[in-house]
file work_8.pdb (PDB, C-alpha atoms, pLDDT in the B column)
ATOM      1  CA  PHE L   1       6.645  -9.287   8.857  1.00 59.00           C
ATOM      2  CA  THR L   2       3.845 -11.629   9.753  1.00 56.00           C
ATOM      3  CA  ALA L   3       4.484 -12.693  13.343  1.00 60.00           C
ATOM      4  CA  ALA L   4       3.913 -10.436  16.308  1.00 64.00           C
ATOM      5  CA  THR L   5       4.966 -10.796  19.907  1.00 70.00           C
ATOM      6  CA  SER L   6       2.440  -8.173  20.955  1.00 71.00           C
ATOM      7  CA  LEU L   7      -0.681  -6.924  19.295  1.00 72.00           C
ATOM      8  CA  ARG L   8      -2.457  -3.737  20.245  1.00 74.00           C
ATOM      9  CA  ALA L   9      -5.386  -2.069  18.545  1.00 78.00           C
ATOM     10  CA  ALA L  10      -6.525   1.515  18.896  1.00 82.00           C
ATOM     11  CA  ARG L  11      -9.060   3.865  17.396  1.00 83.00           C
ATOM     12  CA  LEU L  12      -7.451   7.145  16.410  1.00 84.00           C
ATOM     13  CA  ASP L  13      -8.892  10.582  15.896  1.00 84.00           C
ATOM     14  CA  PRO L  14      -8.733  11.141  12.112  1.00 79.00           C
ATOM     15  CA  LEU L  15      -7.895  14.820  12.642  1.00 85.00           C
ATOM     16  CA  SER L  16      -5.000  14.035  14.971  1.00 84.00           C
ATOM     17  CA  PRO L  17      -3.939  10.397  14.545  1.00 84.00           C
ATOM     18  CA  ARG L  18      -1.642   9.779  17.487  1.00 86.00           C
ATOM     19  CA  TRP L  19      -1.156   6.689  19.597  1.00 83.00           C
ATOM     20  CA  ASP L  20       0.666   6.896  22.911  1.00 82.00           C
ATOM     21  CA  LEU L  21       2.015   3.638  24.289  1.00 76.00           C
ATOM     22  CA  ALA L  22       2.510   3.464  28.026  1.00 76.00           C
ATOM     23  CA  ASP L  23       4.853   1.050  29.789  1.00 81.00           C
ATOM     24  CA  LEU L  24       6.655   0.012  26.616  1.00 85.00           C
ATOM     25  CA  PRO L  25      10.069  -1.442  27.522  1.00 89.00           C
ATOM     26  CA  ALA L  26      13.201  -0.540  25.616  1.00 92.00           C
ATOM     27  CA  GLY L  27      13.749  -2.700  22.573  1.00 91.00           C
ATOM     28  CA  THR L  28      13.489  -3.039  18.823  1.00 92.00           C
ATOM     29  CA  TYR L  29       9.990  -2.686  17.416  1.00 92.00           C
ATOM     30  CA  ALA L  30       8.117  -2.486  14.136  1.00 93.00           C
ATOM     31  CA  VAL L  31       4.569  -1.236  13.667  1.00 92.00           C
ATOM     32  CA  LYS L  32       2.011  -1.946  11.008  1.00 91.00           C
ATOM     33  CA  ALA L  33      -1.235  -0.024  10.847  1.00 91.00           C
ATOM     34  CA  TYR L  34      -4.224   0.335   8.580  1.00 91.00           C
ATOM     35  CA  HIS L  35      -7.237   2.597   8.158  1.00 91.00           C
ATOM     36  CA  ASP L  36     -10.312   0.421   8.592  1.00 91.00           C
ATOM     37  CA  LEU L  37     -12.551   2.333   6.188  1.00 93.00           C
ATOM     38  CA  ASP L  38     -15.588   0.105   6.704  1.00 94.00           C
ATOM     39  CA  ASP L  39     -15.014  -0.386  10.459  1.00 91.00           C
ATOM     40  CA  ASP L  40     -15.186  -4.192  10.254  1.00 93.00           C
ATOM     41  CA  GLY L  41     -12.014  -4.825  12.270  1.00 90.00           C
ATOM     42  CA  VAL L  42      -9.982  -6.393   9.440  1.00 92.00           C
ATOM     43  CA  LEU L  43      -7.734  -5.147   6.656  1.00 94.00           C
ATOM     44  CA  ASP L  44      -9.808  -5.760   3.526  1.00 97.00           C
ATOM     45  CA  LYS L  45      -8.061  -7.261   0.509  1.00 96.00           C
ATOM     46  CA  ASN L  46      -9.018  -7.706  -3.126  1.00 97.00           C
ATOM     47  CA  ALA L  47      -9.269 -11.032  -4.971  1.00 97.00           C
ATOM     48  CA  PHE L  48      -5.468 -11.084  -5.420  1.00 93.00           C
ATOM     49  CA  GLY L  49      -4.802 -10.572  -1.696  1.00 92.00           C
ATOM     50  CA  ILE L  50      -3.700  -6.958  -2.151  1.00 93.00           C
ATOM     51  CA  PRO L  51      -4.952  -4.620   0.593  1.00 95.00           C
ATOM     52  CA  SER L  52      -7.856  -2.445  -0.534  1.00 97.00           C
ATOM     53  CA  GLU L  53      -7.680  -0.171   2.525  1.00 97.00           C
ATOM     54  CA  PRO L  54      -4.854   2.268   3.321  1.00 95.00           C
ATOM     55  CA  TYR L  55      -1.994   0.721   5.340  1.00 95.00           C
ATOM     56  CA  GLY L  56       1.580   1.407   6.331  1.00 95.00           C
ATOM     57  CA  PHE L  57       4.631   0.225   8.254  1.00 96.00           C
ATOM     58  CA  THR L  58       7.203   2.045  10.326  1.00 96.00           C
ATOM     59  CA  ASN L  59      10.092   3.498   8.300  1.00 97.00           C
ATOM     60  CA  ASP L  60       7.536   3.654   5.450  1.00 97.00           C
ATOM     61  CA  ALA L  61       8.831   0.175   4.635  1.00 97.00           C
ATOM     62  CA  ARG L  62       7.295  -1.610   1.650  1.00 95.00           C
ATOM     63  CA  GLY L  63       7.581  -5.244   0.745  1.00 93.00           C
ATOM     64  CA  THR L  64       7.788  -6.959  -2.595  1.00 91.00           C
ATOM     65  CA  MET L  65       4.976  -9.460  -3.112  1.00 88.00           C
ATOM     66  CA  GLY L  66       3.987  -9.215   0.563  1.00 91.00           C
ATOM     67  CA  PRO L  67       4.726  -7.251   3.698  1.00 93.00           C
ATOM     68  CA  PRO L  68       8.215  -5.861   4.387  1.00 95.00           C
ATOM     69  CA  SER L  69      10.645  -7.718   6.594  1.00 94.00           C
ATOM     70  CA  PHE L  70      10.786  -6.938  10.283  1.00 94.00           C
ATOM     71  CA  ASP L  71      14.274  -5.477   9.784  1.00 95.00           C
ATOM     72  CA  ALA L  72      13.003  -3.062   7.111  1.00 97.00           C
ATOM     73  CA  ALA L  73      10.324  -1.687   9.449  1.00 96.00           C
ATOM     74  CA  ALA L  74      12.246  -1.941  12.742  1.00 95.00           C
ATOM     75  CA  PHE L  75      13.258   0.947  14.971  1.00 94.00           C
ATOM     76  CA  ARG L  76      15.033   1.135  18.337  1.00 94.00           C
ATOM     77  CA  TYR L  77      13.186   2.495  21.352  1.00 92.00           C
ATOM     78  CA  ASP L  78      15.225   3.520  24.387  1.00 92.00           C
ATOM     79  CA  GLY L  79      12.403   3.042  26.908  1.00 90.00           C
ATOM     80  CA  ARG L  80      11.967   6.745  27.553  1.00 88.00           C
ATOM     81  CA  SER L  81      10.182   9.015  25.137  1.00 82.00           C
ATOM     82  CA  GLY L  82      10.237   9.195  21.405  1.00 85.00           C
ATOM     83  CA  GLU L  83       8.159   9.646  18.320  1.00 89.00           C
ATOM     84  CA  VAL L  84       7.805   7.484  15.242  1.00 91.00           C
ATOM     85  CA  ARG L  85       6.009   8.766  12.166  1.00 90.00           C
ATOM     86  CA  PHE L  86       4.985   6.860   9.065  1.00 93.00           C
ATOM     87  CA  SER L  87       2.495   7.105   6.249  1.00 93.00           C
ATOM     88  CA  ILE L  88      -0.787   5.258   5.849  1.00 92.00           C
ATOM     89  CA  ARG L  89      -1.552   5.071   2.142  1.00 92.00           C
TER      90      ARG L  89
END
call {"tool": "encode", "arguments": {"input": "work_8.pdb", "output": "structure tokens"}}
result
Amino acid sequence: FTAATSLRAARLDPLSPRWDLADLPAGTYAVKAYHDLDDDGVLDKNAFGIPSEPYGFTNDARGTMGPPSFDAAAFRYDGRSGEVRFSIR
């Protein structure tokens, strides 16, 4: 997925990478995240446009020749509490 209706950035503790979102309304969401190894604020890519830093999407979704679809990475949030885990690789 390439379009976002909301964009939030956060620095996470590498020993306990957790991000708590406050005031998030119920809805269907997808998250993409990356580990900014060189701390330059962008996901670095090689000459072919392939990410050279670890990244991941909710549901551990993977795309073919690009990012996964929103539907592949989407999850429902009921507006109360919950936890979503995914890999950054």
call {"tool": "atom_distance", "arguments": {"input": "work_8.pdb", "atom1": "CA of Arg8 (chain L)", "atom2": "CA of Gly66 (chain L)"}}
result
21.4 Å
call {"tool": "atom_distance", "arguments": {"input": "work_8.pdb", "atom1": "CA of Phe75 (chain L)", "atom2": "CA of Asp39 (chain L)"}}
result
28.7 Å
call {"tool": "closest_residue", "arguments": {"input": "work_8.pdb", "among": "L:Leu21, L:Ala9, L:Leu15, L:Ala47", "to": "Glu83 (chain L)", "atoms": "all atoms listed in the file"}}
result
L:Leu21
call {"tool": "resolve_selection", "arguments": {"input": "work_8.pdb", "expression": "the PyMOL selection byres ((chain L and resi 27) around 6)", "output": "list in words"}}
result
Ala26, Thr28, Arg76 and Tyr77 of chain L
call {"tool": "atom_distance", "arguments": {"input": "work_8.pdb", "atom1": "CA of Thr5 (chain L)", "atom2": "CA of Val42 (chain L)"}}
result
18.8 Å
call {"tool": "axis_aligned_box", "arguments": {"input": "work_8.pdb", "around": "region 78-85 of chain L", "padding_each_side": "6 Å", "output": "AutoDock Vina command-line options"}}
result
--center_x 10.6 --center_y 6.3 --center_z 19.9 --size_x 21.2 --size_y 18.6 --size_z 27.4
call {"tool": "resolve_selection", "arguments": {"input": "work_8.pdb", "expression": "the PyMOL selection byres ((chain L and resi 35) around 8)", "output": "PyMOL selection string"}}
result
chain L and resi 33-34+36-37+43+53-55+88
call {"tool": "write_last_selection", "arguments": {"input": "work_8.pdb", "atoms": "C-alpha atoms", "output": "JSON list (two decimals), in the frame of the given file"}}
result
[["chain", "number", "residue", "atom", "x", "y", "z"],
["L", 33, "ALA", "CA", -1.24, -0.02, 10.85],
["L", 34, "TYR", "CA", -4.22, 0.34, 8.58],
["L", 36, "ASP", "CA", -10.31, 0.42, 8.59],
["L", 37, "LEU", "CA", -12.55, 2.33, 6.19],
["L", 43, "LEU", "CA", -7.73, -5.15, 6.66],
["L", 53, "GLU", "CA", -7.68, -0.17, 2.52],
["L", 54, "PRO", "CA", -4.85, 2.27, 3.32],
["L", 55, "TYR", "CA", -1.99, 0.72, 5.34],
["L", 88, "ILE", "CA", -0.79, 5.26, 5.85]]
call {"tool": "resolve_selection", "arguments": {"input": "work_8.pdb", "expression": "the PyMOL selection byres ((chain L and resi 72) around 9)", "output": "list in words"}}
result
Ala30, Thr58, Asn59, Asp60, Ala61, Arg62, Gly63, Pro68, Ser69, Phe70, Asp71, Ala73, Ala74 and Phe75 of chain L
call {"tool": "residues_around", "arguments": {"input": "work_8.pdb", "residues": "Asp23 (chain L)", "least_positions_apart": "3", "cutoff": "10 Å", "atoms": "all atoms listed in the file", "output": "list of chain:residue names"}}
result
L:Asp20, L:Ala26, L:Gly79, L:Arg80
call {"tool": "closest_residue", "arguments": {"input": "work_8.pdb", "among": "L:Trp19, L:Asp78, L:Phe86, L:Leu24", "to": "Ser6 (chain L)", "atoms": "all atoms listed in the file"}}
result
L:Leu24
call {"tool": "closest_residue", "arguments": {"input": "work_8.pdb", "among": "L:Gly56, L:Gly41, L:Val31, L:Phe48", "to": "Arg11 (chain L)", "atoms": "only C-alpha atoms"}}
result
L:Gly41
call {"tool": "closest_residue", "arguments": {"input": "work_8.pdb", "among": "L:Lys32, L:Gly49, L:Pro25, L:Thr64", "to": "Arg89 (chain L)", "atoms": "only C-alpha atoms"}}
result
L:Lys32
call {"tool": "build_atoms", "arguments": {"input": "work_8.pdb", "residues": "region 34-69 of chain L", "atoms": "N, CA and C atoms", "output": "compact mmCIF listing (two decimals), in the coordinates of the input"}}
result
# COMPACT_ATOMS: atom_id res chain seq x y z
N TYR L 34 -3.36 0.15 9.74
CA TYR L 34 -4.22 0.34 8.58
C TYR L 34 -5.42 1.18 8.97
N HIS L 35 -6.04 1.79 7.97
CA HIS L 35 -7.24 2.60 8.16
C HIS L 35 -8.42 1.72 7.79
N ASP L 36 -9.17 1.32 8.78
CA ASP L 36 -10.31 0.42 8.59
C ASP L 36 -11.51 1.23 8.09
N LEU L 37 -11.55 1.45 6.79
CA LEU L 37 -12.55 2.33 6.19
C LEU L 37 -13.98 1.89 6.45
N ASP L 38 -14.22 0.59 6.49
CA ASP L 38 -15.59 0.10 6.70
C ASP L 38 -15.84 -0.36 8.14
N ASP L 39 -14.88 -0.12 9.02
CA ASP L 39 -15.01 -0.39 10.46
C ASP L 39 -15.41 -1.84 10.77
N ASP L 40 -14.85 -2.79 10.00
CA ASP L 40 -15.19 -4.19 10.25
C ASP L 40 -14.11 -4.93 11.04
N GLY L 41 -13.05 -4.23 11.43
CA GLY L 41 -12.01 -4.82 12.27
C GLY L 41 -10.96 -5.64 11.55
N VAL L 42 -10.99 -5.66 10.21
CA VAL L 42 -9.98 -6.39 9.44
C VAL L 42 -9.50 -5.54 8.27
N LEU L 43 -8.27 -5.81 7.84
CA LEU L 43 -7.73 -5.15 6.66
C LEU L 43 -8.32 -5.85 5.43
N ASP L 44 -9.17 -5.17 4.70
CA ASP L 44 -9.81 -5.76 3.53
C ASP L 44 -8.80 -5.90 2.40
N LYS L 45 -8.95 -6.97 1.64
CA LYS L 45 -8.06 -7.26 0.51
C LYS L 45 -8.90 -7.58 -0.72
N ASN L 46 -8.31 -7.37 -1.89
CA ASN L 46 -9.02 -7.71 -3.13
C ASN L 46 -8.84 -9.19 -3.44
N ALA L 47 -9.32 -9.62 -4.58
CA ALA L 47 -9.27 -11.03 -4.97
C ALA L 47 -7.84 -11.57 -5.10
N PHE L 48 -6.87 -10.68 -5.30
CA PHE L 48 -5.47 -11.08 -5.42
C PHE L 48 -4.72 -11.03 -4.09
N GLY L 49 -5.42 -10.66 -3.01
CA GLY L 49 -4.80 -10.57 -1.70
C GLY L 49 -4.11 -9.25 -1.43
N ILE L 50 -4.31 -8.28 -2.31
CA ILE L 50 -3.70 -6.96 -2.15
C ILE L 50 -4.63 -6.10 -1.29
N PRO L 51 -4.10 -5.44 -0.26
CA PRO L 51 -4.95 -4.62 0.59
C PRO L 51 -5.74 -3.57 -0.21
N SER L 52 -7.01 -3.44 0.13
CA SER L 52 -7.86 -2.44 -0.53
C SER L 52 -8.16 -1.28 0.40
N GLU L 53 -7.56 -1.28 1.59
CA GLU L 53 -7.68 -0.17 2.52
C GLU L 53 -6.27 0.38 2.76
N PRO L 54 -6.18 1.67 3.09
CA PRO L 54 -4.85 2.27 3.32
C PRO L 54 -4.12 1.58 4.48
N TYR L 55 -2.80 1.38 4.32
CA TYR L 55 -1.99 0.72 5.34
C TYR L 55 -0.58 1.28 5.29
N GLY L 56 0.19 0.97 6.31
CA GLY L 56 1.58 1.41 6.33
C GLY L 56 2.37 0.70 7.40
N PHE L 57 3.70 0.83 7.31
CA PHE L 57 4.63 0.22 8.25
C PHE L 57 5.62 1.29 8.70
N THR L 58 6.18 1.12 9.88
CA THR L 58 7.20 2.04 10.33
C THR L 58 8.34 2.08 9.31
N ASN L 59 9.04 3.20 9.28
CA ASN L 59 10.09 3.50 8.30
C ASN L 59 9.53 3.61 6.88
N ASP L 60 8.20 3.67 6.76
CA ASP L 60 7.54 3.65 5.45
C ASP L 60 8.03 2.48 4.61
N ALA L 61 8.33 1.38 5.30
CA ALA L 61 8.83 0.18 4.64
C ALA L 61 7.76 -0.41 3.72
N ARG L 62 8.18 -0.93 2.60
CA ARG L 62 7.30 -1.61 1.65
C ARG L 62 7.93 -2.93 1.28
N GLY L 63 7.09 -3.93 1.14
CA GLY L 63 7.58 -5.24 0.74
C GLY L 63 7.40 -5.47 -0.74
N THR L 64 7.97 -6.53 -1.22
CA THR L 64 7.79 -6.96 -2.60
C THR L 64 7.00 -8.26 -2.54
N MET L 65 5.83 -8.27 -3.12
CA MET L 65 4.98 -9.46 -3.11
C MET L 65 4.63 -9.88 -1.68
N GLY L 66 4.35 -8.92 -0.82
CA GLY L 66 3.99 -9.22 0.56
C GLY L 66 4.47 -8.11 1.47
N PRO L 67 4.30 -8.29 2.76
CA PRO L 67 4.73 -7.25 3.70
C PRO L 67 6.25 -7.14 3.75
N PRO L 68 6.76 -6.01 4.25
CA PRO L 68 8.22 -5.86 4.39
C PRO L 68 8.74 -6.77 5.50
N SER L 69 10.02 -6.95 5.51
CA SER L 69 10.64 -7.72 6.59
C SER L 69 10.59 -6.91 7.88
